[in-house]
$ cat input34.txt   # compact mmCIF, C-alpha atoms
# COMPACT_ATOMS: atom_id res chain seq x y z
CA MET A 1 0.00 0.00 0.00
CA PRO A 2 1.25 3.54 -0.66
CA ALA A 3 2.26 5.69 2.26
CA PHE A 4 -0.58 8.08 2.97
CA PRO A 5 -0.25 11.07 5.28
CA ALA A 6 -1.81 11.05 8.72
CA TYR A 7 -5.49 11.95 8.82
CA ASP A 8 -8.31 12.50 11.24
CA THR A 9 -10.81 9.62 11.16
CA ASN A 10 -13.57 12.06 12.07
CA SER A 11 -12.90 14.31 9.10
CA SER A 12 -15.13 14.37 6.02
CA THR A 13 -12.24 13.90 3.59
CA PHE A 14 -11.28 10.60 2.00
CA LEU A 15 -8.12 9.49 0.23
CA LEU A 16 -8.42 7.74 -3.11
CA THR A 17 -6.13 4.85 -3.99
CA GLY A 18 -4.28 4.97 -7.30
CA PHE A 19 -2.06 2.04 -8.24
CA PRO A 20 -0.30 0.70 -5.11
CA GLY A 21 3.42 0.24 -5.64
CA LEU A 22 3.47 2.14 -8.93
CA GLU A 23 3.47 5.71 -7.60
CA GLN A 24 6.76 6.47 -9.37
CA GLU A 25 5.23 5.39 -12.67
CA TYR A 26 2.19 7.69 -12.53
CA PRO A 27 3.53 10.09 -15.21
CA TRP A 28 3.84 7.15 -17.61
CA LEU A 29 0.56 5.53 -16.54
CA SER A 30 -1.25 8.82 -17.11
CA ILE A 31 -0.52 8.60 -20.85
CA PRO A 32 -2.54 5.42 -21.63
CA PHE A 33 -5.29 6.41 -19.20
CA SER A 34 -5.54 9.87 -20.77
CA CYS A 35 -5.74 8.24 -24.21
CA MET A 36 -8.44 5.84 -23.04
CA TYR A 37 -10.56 8.62 -21.57
CA ALA A 38 -10.07 10.68 -24.73
CA MET A 39 -11.31 7.68 -26.74
CA VAL A 40 -14.29 7.23 -24.39
CA LEU A 41 -15.37 10.84 -24.76
CA SER A 42 -14.63 11.23 -28.48
CA GLY A 43 -15.95 7.78 -29.46
CA ASN A 44 -19.30 8.16 -27.76
CA CYS A 45 -19.67 11.75 -28.95
CA LEU A 46 -18.97 10.55 -32.49
CA VAL A 47 -21.66 7.86 -32.28
CA LEU A 48 -24.16 10.41 -30.93
CA HIS A 49 -23.24 12.89 -33.66
CA VAL A 50 -23.64 10.33 -36.45
CA ILE A 51 -27.03 9.18 -35.16
CA ARG A 52 -28.25 12.76 -34.70
CA THR A 53 -27.19 14.00 -38.15
CA GLU A 54 -28.19 10.99 -40.27
CA PRO A 55 -31.97 10.84 -40.87
CA SER A 56 -31.71 7.21 -42.03
CA LEU A 57 -30.53 6.24 -38.55
CA HIS A 58 -33.60 7.68 -36.84
CA GLN A 59 -34.88 4.21 -36.01
CA PRO A 60 -35.64 2.45 -32.69
CA MET A 61 -32.42 0.43 -32.79
CA PHE A 62 -30.29 3.56 -33.08
CA TYR A 63 -32.30 5.53 -30.54
CA PHE A 64 -31.41 2.86 -27.99
CA LEU A 65 -27.79 2.96 -29.19
CA ALA A 66 -27.81 6.73 -28.60
CA MET A 67 -29.03 6.08 -25.03
CA LEU A 68 -26.15 3.63 -24.54
CA ALA A 69 -23.58 6.08 -25.92
CA LEU A 70 -24.92 8.90 -23.73
CA THR A 71 -24.76 6.66 -20.65
CA ASP A 72 -21.16 5.67 -21.45
CA LEU A 73 -20.24 9.31 -22.05
CA CYS A 74 -21.64 10.29 -18.65
CA MET A 75 -19.79 7.40 -16.98
CA GLY A 76 -16.52 8.66 -18.43
CA LEU A 77 -17.24 12.22 -17.29
CA SER A 78 -18.14 11.07 -13.76
CA THR A 79 -14.76 9.40 -13.12
CA VAL A 80 -12.21 11.16 -15.33
CA HIS A 81 -11.44 13.92 -12.80
CA THR A 82 -10.53 11.58 -9.94
CA VAL A 83 -8.66 8.93 -11.97
CA LEU A 84 -6.55 11.41 -13.93
CA GLY A 85 -6.31 13.71 -10.91
CA ILE A 86 -4.38 10.98 -9.10
CA LEU A 87 -2.18 10.04 -12.06
CA TRP A 88 -1.38 13.68 -12.84
CA GLY A 89 -0.48 14.31 -9.19
CA LEU A 90 -3.22 16.89 -8.65
CA SER A 91 -5.03 15.45 -5.63
CA GLN A 92 -5.91 12.17 -3.94
CA GLU A 93 -8.36 13.78 -1.55
CA VAL A 94 -12.12 13.86 -2.06
CA SER A 95 -14.75 15.33 0.25
CA LEU A 96 -17.60 13.21 1.59
CA ASP A 97 -20.20 15.16 -0.40
CA ALA A 98 -18.22 14.82 -3.65
CA CYS A 99 -17.64 11.14 -2.95
CA ILE A 100 -21.36 10.50 -2.34
CA ALA A 101 -22.25 12.39 -5.53
CA GLN A 102 -19.78 10.32 -7.55
CA THR A 103 -21.11 7.12 -5.96
CA TYR A 104 -24.65 8.11 -6.92
CA PHE A 105 -23.76 8.73 -10.56
CA ILE A 106 -21.52 5.66 -10.98
CA HIS A 107 -24.11 3.23 -9.62
CA GLY A 108 -27.02 5.04 -11.25
CA LEU A 109 -25.29 4.96 -14.65
CA SER A 110 -24.46 1.26 -14.21
CA LEU A 111 -28.13 0.50 -13.63
CA THR A 112 -29.02 2.73 -16.59
CA GLU A 113 -26.65 0.83 -18.87
CA SER A 114 -28.13 -2.48 -17.76
CA GLY A 115 -31.64 -1.17 -18.48
CA VAL A 116 -30.62 0.14 -21.91
CA LEU A 117 -29.04 -3.22 -22.81
CA LEU A 118 -32.31 -4.91 -21.83
CA ALA A 119 -34.26 -2.45 -23.99
CA MET A 120 -31.90 -3.18 -26.90
CA ALA A 121 -32.52 -6.91 -26.41
CA PHE A 122 -36.27 -6.24 -26.61
CA ASP A 123 -35.63 -4.23 -29.77
CA ARG A 124 -33.78 -7.14 -31.40
CA PHE A 125 -36.44 -9.61 -30.23
CA THR A 126 -39.20 -7.48 -31.76
CA ALA A 127 -37.30 -6.90 -35.01
CA ILE A 128 -36.59 -10.62 -35.55
CA CYS A 129 -39.61 -12.35 -34.02
CA ASN A 130 -42.29 -9.82 -34.97
CA PRO A 131 -40.88 -7.74 -37.87
CA LEU A 132 -44.25 -6.74 -39.33
CA ARG A 133 -45.24 -4.94 -36.13
CA TYR A 134 -41.76 -3.60 -35.31
CA THR A 135 -42.47 0.07 -36.02
CA SER A 136 -45.95 -0.06 -34.51
CA ILE A 137 -44.63 -1.59 -31.26
CA LEU A 138 -41.54 0.60 -30.87
CA THR A 139 -43.05 3.99 -31.55
CA SER A 140 -41.25 7.23 -30.63
CA ALA A 141 -43.58 7.74 -27.65
CA ARG A 142 -42.97 4.22 -26.38
CA ILE A 143 -39.20 4.57 -26.77
CA THR A 144 -39.33 7.84 -24.80
CA ASN A 145 -41.34 6.14 -22.04
CA ILE A 146 -38.86 3.27 -21.93
CA GLY A 147 -35.99 5.73 -21.58
CA LEU A 148 -37.76 7.64 -18.79
CA GLY A 149 -38.61 4.37 -17.04
CA ILE A 150 -34.96 3.32 -17.13
CA LEU A 151 -33.86 6.66 -15.65
CA VAL A 152 -36.45 6.51 -12.87
CA ARG A 153 -35.53 2.94 -11.99
CA SER A 154 -31.81 3.75 -12.03
CA PHE A 155 -31.64 7.06 -10.18
CA VAL A 156 -34.72 7.15 -7.93
CA PHE A 157 -34.53 3.73 -6.32
CA ILE A 158 -30.87 4.15 -5.27
CA MET A 159 -31.46 7.47 -3.53
CA ALA A 160 -32.37 5.94 -0.14
CA PRO A 161 -29.06 4.12 0.51
CA ILE A 162 -27.02 6.93 -1.09
CA ILE A 163 -28.60 9.60 1.14
CA ARG A 164 -27.91 7.48 4.23
CA LEU A 165 -24.18 7.59 3.43
CA LYS A 166 -24.21 11.29 4.37
CA PHE A 167 -25.26 10.51 7.95
CA PHE A 168 -22.91 7.58 8.65
CA HIS A 169 -20.01 7.93 11.08
CA TYR A 170 -16.74 7.00 9.37
CA CYS A 171 -14.32 6.05 12.12
CA HIS A 172 -12.14 3.61 10.19
CA SER A 173 -9.30 4.48 7.86
CA HIS A 174 -10.48 7.02 5.29
CA ILE A 175 -8.51 5.33 2.51
CA LEU A 176 -10.74 4.13 -0.33
CA SER A 177 -9.87 1.06 -2.41
CA HIS A 178 -10.17 2.70 -5.84
CA SER A 179 -9.50 5.95 -7.67
CA PHE A 180 -13.23 6.68 -7.49
CA CYS A 181 -15.99 6.23 -4.93
CA LEU A 182 -18.22 3.15 -4.70
CA HIS A 183 -21.07 2.38 -2.32
CA GLN A 184 -19.55 -0.83 -0.97
CA ASP A 185 -16.23 0.94 -0.39
CA LEU A 186 -17.82 3.63 1.77
CA LEU A 187 -19.76 0.99 3.72
CA ARG A 188 -16.47 -0.72 4.54
CA LEU A 189 -15.25 2.45 6.27
CA ALA A 190 -18.45 3.19 8.21
CA CYS A 191 -18.95 2.40 11.89
CA SER A 192 -22.70 3.04 11.81
CA ASP A 193 -25.43 0.46 11.30
CA ILE A 194 -25.11 -0.43 7.61
CA ARG A 195 -27.56 -3.34 7.49
CA PHE A 196 -30.21 -1.39 5.59
CA ASN A 197 -27.70 -0.30 2.95
CA SER A 198 -26.27 -3.79 2.60
CA PHE A 199 -29.63 -5.55 2.23
CA TYR A 200 -31.10 -2.81 0.06
CA ALA A 201 -28.08 -2.84 -2.28
CA LEU A 202 -28.24 -6.63 -2.58
CA ALA A 203 -31.98 -6.54 -3.31
CA LEU A 204 -31.47 -3.77 -5.87
CA VAL A 205 -28.75 -5.73 -7.66
CA ILE A 206 -30.99 -8.82 -7.78
CA CYS A 207 -34.01 -6.85 -9.01
CA THR A 208 -32.07 -4.94 -11.65
CA LEU A 209 -28.78 -6.35 -12.87
CA LEU A 210 -29.65 -10.02 -12.28
CA PHE A 211 -33.24 -9.62 -13.51
CA ASP A 212 -32.07 -7.71 -16.60
CA SER A 213 -29.45 -10.31 -17.46
CA MET A 214 -31.99 -13.14 -17.11
CA LEU A 215 -34.46 -11.34 -19.40
CA ILE A 216 -31.69 -10.74 -21.95
CA ILE A 217 -30.88 -14.46 -21.92
CA VAL A 218 -34.57 -15.34 -22.33
CA SER A 219 -34.92 -12.89 -25.24
CA TYR A 220 -31.99 -14.49 -27.04
CA ILE A 221 -33.38 -17.97 -26.48
CA LEU A 222 -36.59 -16.82 -28.16
CA ILE A 223 -34.61 -15.09 -30.92
CA LEU A 224 -32.58 -18.25 -31.55
CA HIS A 225 -35.74 -20.34 -31.64
CA SER A 226 -37.28 -17.96 -34.18
CA VAL A 227 -34.13 -17.78 -36.32
CA LEU A 228 -33.73 -21.57 -36.48
CA ALA A 229 -37.24 -21.78 -37.92
CA ILE A 230 -36.10 -19.78 -40.95
CA ALA A 231 -35.51 -22.09 -43.89
CA SER A 232 -32.81 -20.05 -45.66
CA ARG A 233 -29.32 -20.26 -44.18
CA GLU A 234 -28.46 -16.80 -45.51
CA GLU A 235 -31.53 -15.29 -43.84
CA ARG A 236 -30.59 -16.97 -40.56
CA GLN A 237 -27.08 -15.51 -40.73
CA LYS A 238 -28.41 -12.10 -41.67
CA SER A 239 -30.82 -12.09 -38.72
CA LEU A 240 -28.18 -13.21 -36.23
CA GLN A 241 -25.68 -10.69 -37.61
CA THR A 242 -27.87 -7.84 -36.37
CA CYS A 243 -27.46 -9.18 -32.82
CA VAL A 244 -23.66 -9.50 -32.76
CA SER A 245 -22.98 -5.92 -31.63
CA HIS A 246 -25.52 -6.15 -28.82
CA ILE A 247 -24.19 -9.50 -27.61
CA CYS A 248 -20.66 -8.04 -27.48
CA ALA A 249 -21.94 -4.99 -25.56
CA VAL A 250 -23.71 -7.25 -23.05
CA MET A 251 -20.54 -9.27 -22.46
CA VAL A 252 -18.39 -6.13 -22.18
CA PHE A 253 -20.75 -4.79 -19.48
CA TYR A 254 -21.56 -7.88 -17.40
CA ILE A 255 -18.20 -9.67 -17.35
CA PRO A 256 -16.35 -6.80 -15.55
CA ILE A 257 -19.23 -6.42 -13.06
CA ILE A 258 -19.13 -10.13 -12.26
CA GLY A 259 -15.34 -9.97 -11.95
CA LEU A 260 -15.40 -6.95 -9.62
CA THR A 261 -18.14 -8.54 -7.48
CA MET A 262 -16.14 -11.76 -7.15
CA VAL A 263 -13.00 -9.84 -6.20
CA HIS A 264 -14.85 -7.79 -3.55
CA ARG A 265 -16.60 -10.87 -2.15
CA PHE A 266 -13.88 -13.54 -2.27
CA GLY A 267 -10.65 -11.70 -3.04
CA THR A 268 -9.81 -10.11 0.31
CA HIS A 269 -6.51 -12.02 0.29
CA LEU A 270 -5.56 -10.74 -3.17
CA SER A 271 -3.14 -7.91 -3.86
CA PRO A 272 -4.66 -4.40 -3.72
CA MET A 273 -3.51 -4.04 -7.33
CA VAL A 274 -6.06 -6.70 -8.38
CA HIS A 275 -8.90 -4.72 -6.76
CA VAL A 276 -7.74 -1.49 -8.41
CA LEU A 277 -7.34 -3.16 -11.80
CA MET A 278 -10.79 -4.76 -11.71
CA GLY A 279 -12.34 -1.48 -10.57
CA ASN A 280 -10.82 0.43 -13.47
CA ILE A 281 -11.85 -2.25 -15.96
CA TYR A 282 -15.42 -2.04 -14.62
CA ILE A 283 -15.47 1.74 -15.05
CA ILE A 284 -13.52 2.30 -18.28
CA PHE A 285 -13.85 -0.88 -20.37
CA PRO A 286 -17.56 -0.72 -21.39
CA PRO A 287 -17.55 3.00 -22.33
CA LEU A 288 -14.31 2.44 -24.24
CA MET A 289 -15.36 -0.68 -26.12
CA ASN A 290 -19.01 0.05 -26.99
CA PRO A 291 -18.29 2.78 -29.58
CA ILE A 292 -15.63 0.53 -31.14
CA ILE A 293 -17.99 -2.46 -31.23
CA TYR A 294 -20.83 -0.56 -32.85
CA SER A 295 -18.54 1.32 -35.24
CA VAL A 296 -17.00 -1.94 -36.47
CA LYS A 297 -19.93 -4.38 -36.30
CA THR A 298 -22.89 -2.17 -37.27
CA GLN A 299 -22.84 -1.59 -41.01
CA GLN A 300 -24.97 1.58 -40.90
CA ILE A 301 -22.79 3.26 -38.27
CA ARG A 302 -19.56 2.16 -39.91
CA GLY A 303 -20.70 3.36 -43.32
CA ARG A 304 -21.78 6.76 -42.01
CA ILE A 305 -18.51 7.28 -40.12
CA GLN A 306 -16.45 6.34 -43.19
CA LYS A 307 -18.53 8.66 -45.35
CA TRP A 308 -18.25 11.47 -42.80
CA PHE A 309 -14.44 11.21 -42.57
CA SER A 310 -14.03 10.93 -46.35
CA MET A 311 -16.00 14.16 -46.75
CA LYS A 312 -13.81 15.85 -44.14
CA LYS A 313 -10.64 14.93 -46.07
CA LYS A 314 -11.89 16.52 -49.31

$ encode --input "input34.txt" --output "structure tokens"
Amino acid sequence: MPAFPAYDTNSSTFLLTGFPGLEQEYPWLSIPFSCMYAMVLSGNCLVLHVIRTEPSLHQPMFYFLAMLALTDLCMGLSTVHTVLGILWGLSQEVSLDACIAQTYFIHGLSLTESGVLLAMAFDRFTAICNPLRYTSILTSARITNIGLGILVRSFVFIMAPIIRLKFFHYCHSHILSHSFCLHQDLLRLACSDIRFNSFYALALVICTLLFDSMLIIVSYILILHSVLAIASREERQKSLQTCVSHICAVMVFYIPIIGLTMVHRFGTHLSPMVHVLMGNIYIIFPPLMNPIIYSVKTQQIRGRIQKWFSMKKK
């Protein structure tokens, strides 16, 4: 562990952990992290710009993709100041209020991304299993309601445990495990009664992330069943090809969450570097990879980006 200065356990300031044992390498580590955050911000902004400016992409599938890109963009913006602040040597300190606010946005955006991925699975299910009613089912009003429902579920239901963090007494070491604030990390430092937060957080994860993932699996079972009923092999491949990007996005989101959960639950004996690495993968990897996945795998997005850049060169 790095050597932190002495602190008052009753203060409202916390110390963020960078990369234990690599403090001398922060100037070099800041280069790839700065590049990754630049790619997160520019990649998601590019996807949003292409969808907004191309009338042919004003379809349900791309509306949901815009929601995903906006969520990833906000996730990058919510963590860039603390992660790069540590690596650039600006500050490792964060106030309790700022830490709670970052916790709220990180967890709220994670639930939002899970909800958007579920909505995208419903979009693919409707497009493949009920193509004749696709546009009548996913109308603009219904898409707007789905988006509002995802936001309400993500940011309203987590307010109760997040607000309680403000009134906890933090008498343990004020050193956090990551370069950003997480709910479970703050609970570890609290000396107050945290049973409500622990049970509520577990129930929320089961009712959202686990429930969403199960519904996504069910939707793809139904999609596969429908696709296998198609006589033409080319039509089967064409139908499944439209799902490749979404499947990759689902894996990119859920695998890091599962990994971080396993490390927090069963990896107490592991090096602090493992915890930090998994935390950064959980935060940066999905927003970094999603624009790449959809730019490479989605023909309409790829074609519009290539056309846009070719026009810029002329």

$ closest_residue --input "input34.txt" --among "A:Arg304, A:Tyr63, A:Phe309, A:Pro32" --to "Ala141 in chain A" --atoms "only C-alpha atoms"
A:Tyr63

$ residues_around --input "input34.txt" --residues "Ile281 in chain A" --least-positions-apart "2" --cutoff "12 Å" --atoms "only C-alpha atoms" --output "list of chain:residue names"
A:Phe33, A:Met36, A:His178, A:Ser179, A:Val252, A:Phe253, A:Tyr254, A:Ile255, A:Pro256, A:Ile257, A:Ile258, A:Gly259, A:Leu260, A:Val274, A:His275, A:Val276, A:Leu277, A:Met278, A:Gly279, A:Ile283, A:Ile284, A:Phe285, A:Pro286, A:Pro287, A:Leu288, A:Met289

$ residues_around --input "input34.txt" --residues "range 23-25 of chain A" --least-positions-apart "2" --cutoff "10 Å" --atoms "only C-alpha atoms" --output "list in words"
Pro2, Ala3, Gly18, Phe19, Pro20, Gly21, Pro27, Trp28, Leu29, Ser30, Ile86, Leu87 and Gly89 of chain A

$ residues_around --input "input34.txt" --residues "Asp212 in chain A" --least-positions-apart "6" --cutoff "9 Å" --atoms "only C-alpha atoms" --output "list in words"
Ser114, Gly115, Leu117, Leu118 and Ile206 of chain A

$ closest_residue --input "input34.txt" --among "A:Gly303, A:Pro272, A:Pro60, A:Pro55" --to "Ile146 in chain A" --atoms "all atoms listed in the file"
A:Pro60

$ residues_near_point --input "input34.txt" --point "(-20.9, 10.0, -26.7)" --cutoff "7 Å" --atoms "only C-alpha atoms" --output "number ranges by chain"
A: 41-48, 69-70, 72-73

$ atom_distance --input "input34.txt" --atom1 "CA of Asp97 in chain A" --atom2 "CA of Arg153 in chain A"
22.8 Å

$ atom_distance --input "input34.txt" --atom1 "CA of Thr103 in chain A" --atom2 "CA of Asp193 in chain A"
19.0 Å

$ atom_distance --input "input34.txt" --atom1 "CA of Ala249 in chain A" --atom2 "CA of Ile293 in chain A"
7.4 Å

$ closest_residue --input "input34.txt" --among "A:Ser310, A:Thr139, A:Ser12, A:Thr126" --to "Ile223 in chain A" --atoms "only C-alpha atoms"
A:Thr126

$ residues_around --input "input34.txt" --residues "Phe155 in chain A" --least-positions-apart "3" --cutoff "10 Å" --atoms "only C-alpha atoms" --output "VMD selection string"
chain A and resid 104 to 105 107 to 109 111 to 112 150 to 152 158 to 159

$ closest_residue --input "input34.txt" --among "A:Tyr282, A:Tyr220, A:His246, A:Thr71" --to "Val263 in chain A" --atoms "only C-alpha atoms"
A:Tyr282

$ closest_residue --input "input34.txt" --among "A:Val40, A:Val116, A:Ile31, A:Ala66" --to "Ile301 in chain A" --atoms "all atoms listed in the file"
A:Ala66

$ decode --input "input34.txt" --residues "range 123-147 of chain A" --atoms "N, CA, C and O atoms" --output "mmCIF file, in the first residue's frame"
data_model
loop_
_atom_site.group_PDB
_atom_site.id
_atom_site.type_symbol
_atom_site.label_atom_id
_atom_site.label_comp_id
_atom_site.auth_asym_id
_atom_site.auth_seq_id
_atom_site.Cartn_x
_atom_site.Cartn_y
_atom_site.Cartn_z
ATOM 1 N N ASP A 123 -35.612 -4.742 -28.406
ATOM 2 C CA ASP A 123 -35.625 -4.228 -29.773
ATOM 3 C C ASP A 123 -35.259 -5.315 -30.772
ATOM 4 O O ASP A 123 -35.934 -5.502 -31.800
ATOM 5 N N ARG A 124 -34.196 -6.065 -30.484
ATOM 6 C CA ARG A 124 -33.775 -7.145 -31.404
ATOM 7 C C ARG A 124 -34.815 -8.264 -31.435
ATOM 8 O O ARG A 124 -35.070 -8.860 -32.485
ATOM 9 N N PHE A 125 -35.402 -8.582 -30.274
ATOM 10 C CA PHE A 125 -36.440 -9.610 -30.228
ATOM 11 C C PHE A 125 -37.636 -9.210 -31.088
ATOM 12 O O PHE A 125 -38.159 -10.015 -31.864
ATOM 13 N N THR A 126 -38.053 -7.954 -30.986
ATOM 14 C CA THR A 126 -39.196 -7.477 -31.762
ATOM 15 C C THR A 126 -38.881 -7.462 -33.249
ATOM 16 O O THR A 126 -39.707 -7.868 -34.077
ATOM 17 N N ALA A 127 -37.677 -7.009 -33.601
ATOM 18 C CA ALA A 127 -37.296 -6.900 -35.011
ATOM 19 C C ALA A 127 -37.217 -8.270 -35.688
ATOM 20 O O ALA A 127 -37.558 -8.402 -36.870
ATOM 21 N N ILE A 128 -36.790 -9.289 -34.950
ATOM 22 C CA ILE A 128 -36.587 -10.617 -35.553
ATOM 23 C C ILE A 128 -37.831 -11.491 -35.423
ATOM 24 O O ILE A 128 -38.220 -12.189 -36.370
ATOM 25 N N CYS A 129 -38.480 -11.453 -34.261
ATOM 26 C CA CYS A 129 -39.611 -12.346 -34.018
ATOM 27 C C CYS A 129 -40.951 -11.751 -34.449
ATOM 28 O O CYS A 129 -41.917 -12.484 -34.647
ATOM 29 N N ASN A 130 -41.033 -10.453 -34.571
ATOM 30 C CA ASN A 130 -42.286 -9.818 -34.968
ATOM 31 C C ASN A 130 -42.007 -8.621 -35.880
ATOM 32 O O ASN A 130 -42.361 -7.475 -35.561
ATOM 33 N N PRO A 131 -41.342 -8.852 -37.024
ATOM 34 C CA PRO A 131 -40.875 -7.742 -37.870
ATOM 35 C C PRO A 131 -42.007 -6.890 -38.448
ATOM 36 O O PRO A 131 -41.819 -5.695 -38.660
ATOM 37 N N LEU A 132 -43.164 -7.484 -38.714
ATOM 38 C CA LEU A 132 -44.253 -6.735 -39.334
ATOM 39 C C LEU A 132 -44.829 -5.677 -38.395
ATOM 40 O O LEU A 132 -45.389 -4.672 -38.847
ATOM 41 N N ARG A 133 -44.704 -5.894 -37.110
ATOM 42 C CA ARG A 133 -45.237 -4.937 -36.126
ATOM 43 C C ARG A 133 -44.131 -4.148 -35.428
ATOM 44 O O ARG A 133 -44.375 -3.472 -34.428
ATOM 45 N N TYR A 134 -42.920 -4.232 -35.963
ATOM 46 C CA TYR A 134 -41.756 -3.604 -35.314
ATOM 47 C C TYR A 134 -41.967 -2.110 -35.090
ATOM 48 O O TYR A 134 -41.834 -1.611 -33.979
ATOM 49 N N THR A 135 -42.314 -1.375 -36.141
ATOM 50 C CA THR A 135 -42.467 0.074 -36.021
ATOM 51 C C THR A 135 -43.722 0.463 -35.236
ATOM 52 O O THR A 135 -43.758 1.516 -34.603
ATOM 53 N N SER A 136 -44.728 -0.381 -35.266
ATOM 54 C CA SER A 136 -45.949 -0.057 -34.510
ATOM 55 C C SER A 136 -45.783 -0.339 -33.021
ATOM 56 O O SER A 136 -46.444 0.279 -32.182
ATOM 57 N N ILE A 137 -44.893 -1.289 -32.674
ATOM 58 C CA ILE A 137 -44.634 -1.586 -31.265
ATOM 59 C C ILE A 137 -43.661 -0.565 -30.673
ATOM 60 O O ILE A 137 -43.911 0.009 -29.611
ATOM 61 N N LEU A 138 -42.553 -0.320 -31.367
ATOM 62 C CA LEU A 138 -41.537 0.602 -30.866
ATOM 63 C C LEU A 138 -41.736 1.979 -31.495
ATOM 64 O O LEU A 138 -40.948 2.423 -32.333
ATOM 65 N N THR A 139 -42.796 2.638 -31.089
ATOM 66 C CA THR A 139 -43.051 3.992 -31.552
ATOM 67 C C THR A 139 -42.156 4.974 -30.791
ATOM 68 O O THR A 139 -41.553 4.627 -29.759
ATOM 69 N N SER A 140 -42.080 6.216 -31.291
ATOM 70 C CA SER A 140 -41.251 7.231 -30.630
ATOM 71 C C SER A 140 -41.720 7.478 -29.204
ATOM 72 O O SER A 140 -40.901 7.621 -28.282
ATOM 73 N N ALA A 141 -43.050 7.521 -28.999
ATOM 74 C CA ALA A 141 -43.581 7.745 -27.651
ATOM 75 C C ALA A 141 -43.208 6.598 -26.715
ATOM 76 O O ALA A 141 -42.847 6.820 -25.549
ATOM 77 N N ARG A 142 -43.288 5.372 -27.223
ATOM 78 C CA ARG A 142 -42.967 4.218 -26.379
ATOM 79 C C ARG A 142 -41.477 4.177 -26.058
ATOM 80 O O ARG A 142 -41.086 3.829 -24.923
ATOM 81 N N ILE A 143 -40.638 4.536 -27.017
ATOM 82 C CA ILE A 143 -39.198 4.574 -26.771
ATOM 83 C C ILE A 143 -38.879 5.626 -25.715
ATOM 84 O O ILE A 143 -38.057 5.404 -24.812
ATOM 85 N N THR A 144 -39.525 6.784 -25.800
ATOM 86 C CA THR A 144 -39.333 7.836 -24.798
ATOM 87 C C THR A 144 -39.750 7.356 -23.415
ATOM 88 O O THR A 144 -39.048 7.595 -22.420
ATOM 89 N N ASN A 145 -40.875 6.669 -23.330
ATOM 90 C CA ASN A 145 -41.339 6.140 -22.040
ATOM 91 C C ASN A 145 -40.384 5.094 -21.490
ATOM 92 O O ASN A 145 -40.152 5.038 -20.273
ATOM 93 N N ILE A 146 -39.844 4.262 -22.378
ATOM 94 C CA ILE A 146 -38.858 3.266 -21.935
ATOM 95 C C ILE A 146 -37.632 3.963 -21.357
ATOM 96 O O ILE A 146 -37.118 3.591 -20.291
ATOM 97 N N GLY A 147 -37.153 4.991 -22.061
ATOM 98 C CA GLY A 147 -35.995 5.729 -21.578
ATOM 99 C C GLY A 147 -36.249 6.392 -20.235
ATOM 100 O O GLY A 147 -35.410 6.325 -19.323
#
